[in-house]
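For reference, start.pdb is printed below; it contains PDB, C-alpha atoms (C1' of nucleotides).
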```pdb
ATOM      1  CA  MET A   1      -8.451  -9.929  -2.342
ATOM      2  CA  PRO A   2     -10.930  -8.534  -4.753
ATOM      3  CA  GLU A   3     -14.104  -6.653  -4.205
ATOM      4  CA  LEU A   4     -15.463  -3.953  -6.475
ATOM      5  CA  PRO A   5     -12.609  -1.461  -5.945
ATOM      6  CA  ASP A   6      -9.935  -4.062  -6.696
ATOM      7  CA  VAL A   7     -11.717  -5.364  -9.765
ATOM      8  CA  GLU A   8     -12.123  -1.810 -11.028
ATOM      9  CA  GLY A   9      -8.337  -1.545 -10.676
ATOM     10  CA  PHE A  10      -7.875  -4.765 -12.660
ATOM     11  CA  LYS A  11     -10.151  -3.359 -15.324
ATOM     12  CA  ARG A  12      -7.858  -0.379 -15.648
ATOM     13  CA  VAL A  13      -4.816  -2.643 -15.867
ATOM     14  CA  LEU A  14      -6.476  -4.507 -18.686
ATOM     15  CA  ALA A  15      -7.696  -1.381 -20.441
ATOM     16  CA  LYS A  16      -4.317   0.281 -20.282
ATOM     17  CA  ASN A  17      -2.118  -2.644 -21.249
ATOM     18  CA  ALA A  18      -4.075  -5.284 -23.095
ATOM     19  CA  LEU A  19      -6.483  -3.687 -25.556
ATOM     20  CA  ARG A  20      -5.922  -3.832 -29.292
ATOM     21  CA  LYS A  21      -2.882  -6.062 -29.041
ATOM     22  CA  THR A  22      -2.785  -9.371 -30.849
ATOM     23  CA  ILE A  23      -2.659 -12.310 -28.463
ATOM     24  CA  ASP A  24       0.157 -14.574 -29.608
ATOM     25  CA  ARG A  25      -0.255 -17.331 -27.132
ATOM     26  CA  VAL A  26      -2.398 -18.290 -24.155
ATOM     27  CA  VAL A  27      -0.662 -20.308 -21.448
ATOM     28  CA  VAL A  28      -2.912 -22.106 -18.957
ATOM     29  CA  SER A  29      -0.715 -23.417 -16.187
ATOM     30  CA  ASP A  30      -3.569 -24.803 -14.099
ATOM     31  CA  ALA A  31      -6.588 -25.936 -16.072
ATOM     32  CA  ARG A  32      -8.803 -26.183 -13.002
ATOM     33  CA  ILE A  33      -9.334 -22.441 -13.159
ATOM     34  CA  LEU A  34     -11.256 -22.967 -16.408
ATOM     35  CA  GLY A  35     -13.748 -25.358 -14.821
ATOM     36  CA  LYS A  36     -15.283 -27.570 -17.502
ATOM     37  CA  LEU A  37     -14.063 -25.443 -20.375
ATOM     38  CA  PRO A  38     -11.399 -27.357 -22.341
ATOM     39  CA  VAL A  39      -8.012 -25.639 -22.495
ATOM     40  CA  GLY A  40      -7.782 -26.068 -26.250
ATOM     41  CA  LYS A  41     -11.118 -24.425 -26.845
ATOM     42  CA  PHE A  42     -10.232 -21.526 -24.554
ATOM     43  CA  ALA A  43      -6.827 -20.964 -26.116
ATOM     44  CA  SER A  44      -8.033 -21.179 -29.708
ATOM     45  CA  SER A  45     -10.776 -18.646 -29.006
ATOM     46  CA  LEU A  46      -8.153 -16.112 -27.986
ATOM     47  CA  GLU A  47      -4.968 -16.849 -29.907
ATOM     48  CA  GLY A  48      -4.663 -14.530 -32.876
ATOM     49  CA  ALA A  49      -7.484 -12.350 -31.571
ATOM     50  CA  GLN A  50      -7.531  -8.991 -29.790
ATOM     51  CA  LEU A  51      -9.368  -7.698 -26.753
ATOM     52  CA  VAL A  52     -11.184  -4.535 -27.682
ATOM     53  CA  ALA A  53     -13.103  -3.380 -24.592
ATOM     54  CA  ALA A  54     -13.157  -3.959 -20.850
ATOM     55  CA  ARG A  55     -16.241  -4.044 -18.687
ATOM     56  CA  ARG A  56     -16.839  -4.705 -15.008
ATOM     57  CA  HIS A  57     -19.991  -5.855 -13.272
ATOM     58  CA  GLY A  58     -19.691  -6.319  -9.544
ATOM     59  CA  LYS A  59     -16.661  -8.497  -8.930
ATOM     60  CA  HIS A  60     -16.605  -9.842 -12.479
ATOM     61  CA  LEU A  61     -14.362  -8.500 -15.222
ATOM     62  CA  MET A  62     -15.206  -9.071 -18.866
ATOM     63  CA  ALA A  63     -13.263  -8.281 -22.005
ATOM     64  CA  ASN A  64     -14.780  -8.201 -25.444
ATOM     65  CA  ILE A  65     -12.880 -10.287 -27.996
ATOM     66  CA  ASP A  66     -12.810  -8.829 -31.501
ATOM     67  CA  ARG A  67     -14.294 -12.075 -32.822
ATOM     68  CA  GLY A  68     -17.401 -11.397 -30.768
ATOM     69  CA  GLN A  69     -17.100 -13.514 -27.645
ATOM     70  CA  TRP A  70     -16.208 -12.294 -24.161
ATOM     71  CA  LEU A  71     -13.388 -13.315 -21.879
ATOM     72  CA  THR A  72     -14.683 -13.512 -18.305
ATOM     73  CA  LEU A  73     -12.532 -13.239 -15.188
ATOM     74  CA  HIS A  74     -13.553 -13.841 -11.612
ATOM     75  CA  PHE A  75     -11.007 -13.594  -8.853
ATOM     76  CA  GLY A  76     -12.402 -15.277  -5.771
ATOM     77  CA  PRO A  77     -10.738 -14.308  -2.501
ATOM     78  CA  ALA A  78      -7.142 -14.461  -3.704
ATOM     79  CA  GLY A  79      -6.966 -13.588  -7.385
ATOM     80  CA  GLY A  80      -5.474 -10.731  -9.345
ATOM     81  CA  LEU A  81      -4.473  -9.361 -12.719
ATOM     82  CA  GLN A  82      -1.081  -7.899 -13.589
ATOM     83  CA  PHE A  83       0.678  -6.656 -16.666
ATOM     84  CA  VAL A  84       4.130  -8.135 -17.153
ATOM     85  CA  GLY A  85       6.404  -6.005 -19.291
ATOM     86  CA  LYS A  86       9.489  -8.178 -19.294
ATOM     87  CA  PRO A  87       9.653 -11.801 -20.373
ATOM     88  CA  GLY A  88      10.138 -14.157 -17.448
ATOM     89  CA  GLY A  89       8.664 -11.689 -14.980
ATOM     90  CA  GLU A  90       5.650 -13.865 -14.344
ATOM     91  CA  PRO A  91       4.225 -13.324 -10.849
ATOM     92  CA  PRO A  92       3.695 -16.210  -8.409
ATOM     93  CA  PHE A  93       0.440 -18.175  -8.734
ATOM     94  CA  THR A  94      -0.076 -17.238 -12.367
ATOM     95  CA  ARG A  95      -2.745 -19.590 -13.693
ATOM     96  CA  VAL A  96      -3.391 -18.046 -17.092
ATOM     97  CA  ARG A  97      -1.062 -15.877 -19.133
ATOM     98  CA  PHE A  98      -1.918 -13.968 -22.272
ATOM     99  CA  ASP A  99       1.212 -13.194 -24.319
ATOM    100  CA  PHE A 100       1.025 -10.320 -26.750
ATOM    101  CA  ALA A 101       3.098 -10.192 -29.895
ATOM    102  CA  GLY A 102       6.336  -8.622 -28.604
ATOM    103  CA  ASP A 103       4.441  -6.423 -26.183
ATOM    104  CA  GLY A 104       4.426  -8.023 -22.758
ATOM    105  CA  SER A 105       1.769 -10.237 -21.259
ATOM    106  CA  LEU A 106      -1.196 -10.191 -18.964
ATOM    107  CA  ALA A 107      -1.113 -12.564 -15.981
ATOM    108  CA  TYR A 108      -4.189 -13.813 -14.148
ATOM    109  CA  THR A 109      -3.062 -14.999 -10.735
ATOM    110  CA  ASN A 110      -4.974 -16.944  -8.122
ATOM    111  CA  ARG A 111      -3.403 -18.229  -4.952
ATOM    112  CA  ARG A 112      -6.253 -20.412  -3.787
ATOM    113  CA  MET A 113      -7.806 -21.565  -7.059
ATOM    114  CA  ILE A 114     -11.146 -20.229  -6.004
ATOM    115  CA  GLY A 115     -12.254 -18.210  -9.003
ATOM    116  CA  ARG A 116     -12.959 -18.725 -12.691
ATOM    117  CA  VAL A 117     -11.678 -17.771 -16.084
ATOM    118  CA  GLY A 118     -13.985 -18.469 -18.993
ATOM    119  CA  LEU A 119     -15.749 -17.439 -22.135
ATOM    120  CA  ALA A 120     -19.219 -16.050 -22.702
ATOM    121  CA  GLU A 121     -21.158 -15.345 -25.853
ATOM    122  CA  ASP A 122     -22.637 -12.123 -24.551
ATOM    123  CA  ALA A 123     -21.934  -9.893 -21.573
ATOM    124  CA  ALA A 124     -25.548  -9.211 -20.635
ATOM    125  CA  ASP A 125     -26.446 -12.897 -20.858
ATOM    126  CA  PHE A 126     -23.465 -13.767 -18.707
ATOM    127  CA  ILE A 127     -24.569 -11.320 -16.006
ATOM    128  CA  ALA A 128     -28.050 -12.818 -16.103
ATOM    129  CA  GLU A 129     -26.773 -16.384 -15.895
ATOM    130  CA  GLU A 130     -24.625 -15.493 -12.917
ATOM    131  CA  LYS A 131     -27.763 -14.005 -11.365
ATOM    132  CA  LEU A 132     -25.983 -10.788 -10.532
ATOM    133  CA  GLY A 133     -27.890  -7.855  -9.172
ATOM    134  CA  PRO A 134     -27.146  -4.306 -10.319
ATOM    135  CA  ASP A 135     -23.580  -3.112  -9.968
ATOM    136  CA  ALA A 136     -23.170  -1.119  -6.772
ATOM    137  CA  LEU A 137     -21.816   1.907  -8.658
ATOM    138  CA  ASP A 138     -24.187   1.804 -11.592
ATOM    139  CA  ARG A 139     -25.899   5.204 -11.745
ATOM    140  CA  ARG A 140     -29.183   3.569 -12.638
ATOM    141  CA  PHE A 141     -29.017   1.854  -9.281
ATOM    142  CA  ASP A 142     -30.344   4.835  -7.351
ATOM    143  CA  PHE A 143     -31.846   5.207  -3.897
ATOM    144  CA  ASP A 144     -35.302   4.075  -5.014
ATOM    145  CA  ALA A 145     -33.861   0.993  -6.669
ATOM    146  CA  LEU A 146     -31.970   0.112  -3.493
ATOM    147  CA  LYS A 147     -35.110   0.540  -1.420
ATOM    148  CA  THR A 148     -37.095  -1.713  -3.712
ATOM    149  CA  ALA A 149     -34.364  -4.337  -3.814
ATOM    150  CA  VAL A 150     -33.965  -4.476  -0.064
ATOM    151  CA  LEU A 151     -37.209  -3.765   1.739
ATOM    152  CA  SER A 152     -38.835  -7.145   1.167
ATOM    153  CA  LEU A 153     -35.887  -9.016   2.671
ATOM    154  CA  LYS A 154     -36.028 -10.098   6.277
ATOM    155  CA  ARG A 155     -32.308 -10.531   6.669
ATOM    156  CA  ASP A 156     -29.496  -8.718   8.404
ATOM    157  CA  VAL A 157     -28.168  -5.730   6.515
ATOM    158  CA  LYS A 158     -24.588  -6.996   6.231
ATOM    159  CA  SER A 159     -25.602 -10.232   4.515
ATOM    160  CA  VAL A 160     -27.817  -8.301   2.147
ATOM    161  CA  LEU A 161     -24.994  -5.923   1.201
ATOM    162  CA  MET A 162     -22.798  -8.933   0.434
ATOM    163  CA  ASP A 163     -25.485 -10.766  -1.547
ATOM    164  CA  GLN A 164     -24.396 -10.536  -5.182
ATOM    165  CA  GLN A 165     -27.933 -11.226  -6.357
ATOM    166  CA  VAL A 166     -29.154  -8.092  -4.596
ATOM    167  CA  ILE A 167     -26.191  -5.758  -5.208
ATOM    168  CA  ALA A 168     -23.077  -6.822  -7.111
ATOM    169  CA  GLY A 169     -19.605  -5.848  -5.960
ATOM    170  CA  ILE A 170     -19.552  -5.649  -2.161
ATOM    171  CA  GLY A 171     -17.838  -8.289  -0.019
ATOM    172  CA  ASN A 172     -16.996  -8.847   3.600
ATOM    173  CA  ILE A 173     -14.391  -6.082   3.842
ATOM    174  CA  TYR A 174     -16.249  -3.215   2.232
ATOM    175  CA  SER A 175     -19.575  -4.112   3.802
ATOM    176  CA  ASP A 176     -17.915  -3.453   7.162
ATOM    177  CA  GLU A 177     -16.671  -0.054   6.026
ATOM    178  CA  ILE A 178     -19.997   0.988   4.495
ATOM    179  CA  LEU A 179     -21.918   0.045   7.640
ATOM    180  CA  PHE A 180     -19.404   1.803   9.839
ATOM    181  CA  GLN A 181     -19.597   5.020   7.823
ATOM    182  CA  ALA A 182     -23.397   4.793   7.785
ATOM    183  CA  ARG A 183     -23.398   4.077  11.553
ATOM    184  CA  ILE A 184     -25.614   1.036  11.172
ATOM    185  CA  ASN A 185     -25.467  -2.161  13.197
ATOM    186  CA  PRO A 186     -24.525  -4.980  10.783
ATOM    187  CA  VAL A 187     -26.964  -7.437  12.364
ATOM    188  CA  GLU A 188     -29.964  -5.142  12.095
ATOM    189  CA  ARG A 189     -32.652  -6.451   9.787
ATOM    190  CA  VAL A 190     -32.623  -4.515   6.558
ATOM    191  CA  ASP A 191     -36.408  -4.163   6.417
ATOM    192  CA  LYS A 192     -36.346  -2.592   9.877
ATOM    193  CA  LEU A 193     -33.951   0.226   9.027
ATOM    194  CA  SER A 194     -35.320   3.722   9.518
ATOM    195  CA  PRO A 195     -35.686   5.900   6.412
ATOM    196  CA  ALA A 196     -32.695   7.932   7.585
ATOM    197  CA  GLU A 197     -30.579   4.816   8.018
ATOM    198  CA  LEU A 198     -31.555   3.531   4.614
ATOM    199  CA  LYS A 199     -30.614   6.836   3.078
ATOM    200  CA  ARG A 200     -27.234   6.789   4.815
ATOM    201  CA  LEU A 201     -26.684   3.222   3.664
ATOM    202  CA  PHE A 202     -27.125   4.243   0.058
ATOM    203  CA  THR A 203     -25.056   7.401   0.321
ATOM    204  CA  GLU A 204     -22.184   5.732   2.136
ATOM    205  CA  MET A 205     -22.214   2.732  -0.168
ATOM    206  CA  ARG A 206     -21.520   5.036  -3.087
ATOM    207  CA  LYS A 207     -19.126   7.265  -1.236
ATOM    208  CA  VAL A 208     -16.999   4.493   0.257
ATOM    209  CA  LEU A 209     -16.716   2.547  -3.003
ATOM    210  CA  GLU A 210     -15.949   5.646  -5.066
ATOM    211  CA  THR A 211     -13.340   6.742  -2.560
ATOM    212  CA  ALA A 212     -11.676   3.338  -2.612
ATOM    213  CA  VAL A 213     -11.636   3.289  -6.404
ATOM    214  CA  ASP A 214     -10.255   6.838  -6.613
ATOM    215  CA  ARG A 215      -7.490   6.139  -4.159
ATOM    216  CA  ARG A 216      -6.751   2.732  -5.637
ATOM    217  CA  ALA A 217      -7.136   1.349  -2.157
ATOM    218  CA  GLY A 218      -8.460  -2.114  -3.013
ATOM    219  CA  SER A 219      -9.144  -4.426  -0.145
ATOM    220  CA  GLU A 220      -5.825  -5.859   0.903
ATOM    221  CA  GLN A 221      -2.501  -4.116   0.515
ATOM    222  CA  PHE A 222      -3.400  -0.486   0.132
ATOM    223  CA  LEU A 223      -5.995   0.147   2.787
ATOM    224  CA  GLU A 224      -3.804   2.806   4.358
ATOM    225  CA  ARG A 225      -4.578   4.936   1.326
ATOM    226  CA  LEU A 226      -8.113   5.339   2.622
ATOM    227  CA  PRO A 227      -9.061   8.641   4.264
ATOM    228  CA  LYS A 228      -8.728   9.293   7.945
ATOM    229  CA  GLY A 229     -11.722   8.054   9.875
ATOM    230  CA  TYR A 230     -12.035   4.820   7.911
ATOM    231  CA  LEU A 231     -12.500   1.540   9.718
ATOM    232  CA  LEU A 232     -10.612  -0.799   7.425
ATOM    233  CA  PRO A 233      -7.025   0.048   8.429
ATOM    234  CA  GLU A 234      -8.057  -0.717  12.023
ATOM    235  CA  ARG A 235     -10.009  -3.808  11.103
ATOM    236  CA  LYS A 236      -8.382  -6.487  13.231
ATOM    237  CA  ARG A 237      -8.788  -8.088  16.623
ATOM    238  CA  GLY A 238      -8.082  -5.463  19.263
ATOM    239  CA  GLY A 239      -8.408  -2.624  16.739
ATOM    240  CA  HIS A 240      -9.931   0.695  17.801
ATOM    241  CA  CYS A 241     -12.742   2.735  16.347
ATOM    242  CA  PRO A 242     -11.259   5.665  14.409
ATOM    243  CA  ARG A 243     -14.139   7.851  15.530
ATOM    244  CA  CYS A 244     -14.532   7.196  19.257
ATOM    245  CA  GLY A 245     -11.629   4.941  20.196
ATOM    246  CA  SER A 246     -13.717   2.024  21.448
ATOM    247  CA  VAL A 247     -12.321  -1.446  20.976
ATOM    248  CA  LEU A 248     -13.907  -2.957  17.890
ATOM    249  CA  LYS A 249     -16.285  -5.839  18.276
ATOM    250  CA  VAL A 250     -15.809  -9.025  16.273
ATOM    251  CA  LEU A 251     -18.885 -10.769  14.970
ATOM    252  CA  LYS A 252     -19.769 -13.777  12.854
ATOM    253  CA  ILE A 253     -22.360 -13.179  10.187
ATOM    254  CA  GLY A 254     -23.152 -15.673   7.490
ATOM    255  CA  GLY A 255     -19.988 -17.571   8.256
ATOM    256  CA  ARG A 256     -17.766 -14.526   7.872
ATOM    257  CA  THR A 257     -15.964 -12.399  10.384
ATOM    258  CA  GLY A 258     -17.068  -8.806  10.600
ATOM    259  CA  TYR A 259     -15.935  -5.848  12.684
ATOM    260  CA  CYS A 260     -17.921  -2.971  14.063
ATOM    261  CA  CYS A 261     -17.852  -0.251  16.715
ATOM    262  CA  PRO A 262     -20.234  -1.028  19.598
ATOM    263  CA  ARG A 263     -20.587   2.661  20.370
ATOM    264  CA  CYS A 264     -20.978   4.207  16.912
ATOM    265  CA  GLN A 265     -23.042   1.407  15.393
ATOM    266  CA  GLN A 266     -25.928   1.129  17.820
ATOM    267  CA  GLY A 267     -24.824  -1.643  20.138
ATOM    268  CA  CYS A 268     -23.626  -3.934  17.391
TER     269      CYS A 268
ATOM    270  C1'  DC B   1       0.261 -28.121  14.120
ATOM    271  C1'  DG B   2      -3.909 -25.313  14.280
ATOM    272  C1'  DT B   3      -6.222 -21.283  12.695
ATOM    273  C1'  DT B   4      -7.560 -18.043   9.426
ATOM    274  C1'  DA B   5      -8.671 -16.015   4.961
ATOM    275  C1'  DT B   6     -11.123 -10.809   0.867
ATOM    276  C1'  DG B   7     -15.967 -15.601  -2.636
ATOM    277  C1'  DT B   8     -19.486 -18.723  -3.930
ATOM    278  C1'  DT B   9     -22.420 -22.715  -3.719
ATOM    279  C1'  DC B  10     -24.801 -26.531  -1.897
ATOM    280  C1'  DG B  11     -27.249 -29.245   1.502
ATOM    281  C1'  DA B  12     -29.645 -29.595   5.865
ATOM    282  C1'  DT B  13     -32.844 -27.558   8.855
ATOM    283  C1'  DG B  14     -36.473 -24.548  10.677
TER     284       DG B  14
ATOM    285  C1'  DG C   1     -40.347 -20.262  -1.095
ATOM    286  C1'  DC C   2     -37.584 -17.875   2.449
ATOM    287  C1'  DA C   3     -33.988 -17.610   5.865
ATOM    288  C1'  DT C   4     -29.983 -19.418   8.574
ATOM    289  C1'  DC C   5     -26.058 -22.183   9.347
ATOM    290  C1'  DG C   6     -22.241 -24.995   8.322
ATOM    291  C1'  DA C   7     -19.413 -27.270   5.131
ATOM    292  C1'  DA C   8     -16.896 -27.475   1.056
ATOM    293  C1'  DC C   9     -13.778 -25.841  -2.482
ATOM    294  C1'  DA C  10      -7.832 -25.215  -2.414
ATOM    295  C1'  DT C  11      -3.924 -23.271  -0.610
ATOM    296  C1'  DA C  12      -0.797 -20.075   1.614
ATOM    297  C1'  DA C  13       0.438 -17.471   5.602
ATOM    298  C1'  DC C  14       0.710 -16.547  10.402
TER     299       DC C  14
END
```

Do you think you could lay out the structure here as structure tokens?
Amino acid sequence: MPELPDVEGFKRVLAKNALRKTIDRVVVSDARILGKLPVGKFASSLEGAQLVAARRHGKHLMANIDRGQWLTLHFGPAGGLQFVGKPGGEPPFTRVRFDFAGDGSLAYTNRRMIGRVGLAEDAADFIAEEKLGPDALDRRFDFDALKTAVLSLKRDVKSVLMDQQVIAGIGNIYSDEILFQARINPVERVDKLSPAELKRLFTEMRKVLETAVDRRAGSEQFLERLPKGYLLPERKRGGHCPRCGSVLKVLKIGGRTGYCCPRCQQGC
DNA sequence: CGTTATGTTCGATG
DNA sequence: GCATCGAACATAAC
């Protein structure tokens, strides 16, 4: 499920429901989600502690533990984060649960076990180790920074948008929407884009992601919350372009399925 | 039963 | 080193 807009939503869930509450107990129901980190070490780092701040970088969510470390959450294609107010209301596929002293719990879910929960000593170091590029909505990541990051790459623009080392936060779903709004062919080489196209790419990247965050649209269940004229609600085989009505084209790029309008996106 | 999936990584190949 | 492609991970849903 999660790309930047979803993870921003999870950050808000965490910030609203989980900060400055003492963690009574950590329940890991599937240790594989921790990778090589031992369950005991993970649990003892959090039990009795409090989370004091939430931060997002790309598709990663991090929470500062009052003892100094950071809790790191990555969701893969099928993960999520929910607050559970009532005992026993644990959602399906909960892999890690943080129980607060008499004040509900926070459930990390992951249907496919692709994703990671872990600990880091420092947020900035963690971002560097993960080799993440700048967050797509970071204000310091301006048009010039995008140009610099992208112009030396001889790859198709969709793959570049999805490359977390270049820009962090965009996945298969939102790359389709950004390219549709910018009217750019996904298979066009990024270093061959005209200045006008490059400018539209930057503008629409910001606009689409901010719109999705504002409307809490995420990338799975709530796409109908997106404005009229957006591609994503129509993004399926046989779907039609919301601008010109053409049947959408299906393409394979970097092993993923993308959708585009052959008329509005320059013969995609 | 076969196909597909929103993320990431690794190996083979050019 | 750079780029592309396919497979793999694990599992549910259609």

Using the chain letters and numbers from this file, what does the PyMOL selection byres ((chain A) within 8 of (chain B)) select? Give the answer as a tab-separated table (two decimals) with C-alpha atoms, in the frame of the given file.
```tsv
chain	number	residue	atom	x	y	z
A	1	MET	CA	-8.45	-9.93	-2.34
A	2	PRO	CA	-10.93	-8.53	-4.75
A	3	GLU	CA	-14.10	-6.65	-4.20
A	76	GLY	CA	-12.40	-15.28	-5.77
A	77	PRO	CA	-10.74	-14.31	-2.50
A	78	ALA	CA	-7.14	-14.46	-3.70
A	114	ILE	CA	-11.15	-20.23	-6.00
A	115	GLY	CA	-12.25	-18.21	-9.00
A	171	GLY	CA	-17.84	-8.29	-0.02
A	172	ASN	CA	-17.00	-8.85	3.60
A	173	ILE	CA	-14.39	-6.08	3.84
A	219	SER	CA	-9.14	-4.43	-0.14
A	220	GLU	CA	-5.82	-5.86	0.90
```

Give me the chain A side of the contact with chain C, cut-off 8 Å, one line per residue showing its nearest atom pair and distance in Å at one decimal, counting only C-alpha atoms (C1' of nucleotides), sorted by chain and residue number, as JSON lines.
```
{"residue": "A:Arg111", "atom": "CA", "partner": "C:DT11", "partner_atom": "C1'", "distance": 6.7}
{"residue": "A:Arg112", "atom": "CA", "partner": "C:DT11", "partner_atom": "C1'", "distance": 4.9}
{"residue": "A:Met113", "atom": "CA", "partner": "C:DA10", "partner_atom": "C1'", "distance": 5.9}
{"residue": "A:Ile114", "atom": "CA", "partner": "C:DA10", "partner_atom": "C1'", "distance": 7.0}
{"residue": "A:Lys154", "atom": "CA", "partner": "C:DA3", "partner_atom": "C1'", "distance": 7.8}
{"residue": "A:Arg155", "atom": "CA", "partner": "C:DA3", "partner_atom": "C1'", "distance": 7.3}
{"residue": "A:Gly254", "atom": "CA", "partner": "C:DC5", "partner_atom": "C1'", "distance": 7.4}
{"residue": "A:Gly255", "atom": "CA", "partner": "C:DC5", "partner_atom": "C1'", "distance": 7.7}
```

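Atom pair atom CA of A:His60 / atom CA of A:Thr148 has a distance of 23.7 Å (rounded to one decimal).
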
Set up a box along x, y and z of the file covering all listed atoms of stretch 5-9 of chain C, add 6 Å on every one of the six sides, and write the centre and edge lengths in Å to one decimal, as lines of an AutoDock Vina configuration file.
```
center_x = -19.9
center_y = -24.8
center_z = 3.4
size_x = 24.3
size_y = 17.3
size_z = 23.8
```

Query - Non-local contacts of A:Leu46 (8 Å; all atoms listed in the file; under 6 positions in same chain excluded) as a list in words - result: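 The filter keeps Ile23, Val26 and Ile65 of chain A.
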
Atom CA of A:Phe93 sits from atom CA of A:Val28 at a separation of 11.5 Å

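The space separating atom CA of A:Phe143 from atom CA of A:Tyr230 comes to 23.1 Å.
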
Between A:Pro233, A:Asp30, A:Ala53, A:Pro5, smallest distance to A:Thr94 by all atoms listed in the file belongs to A:Asp30
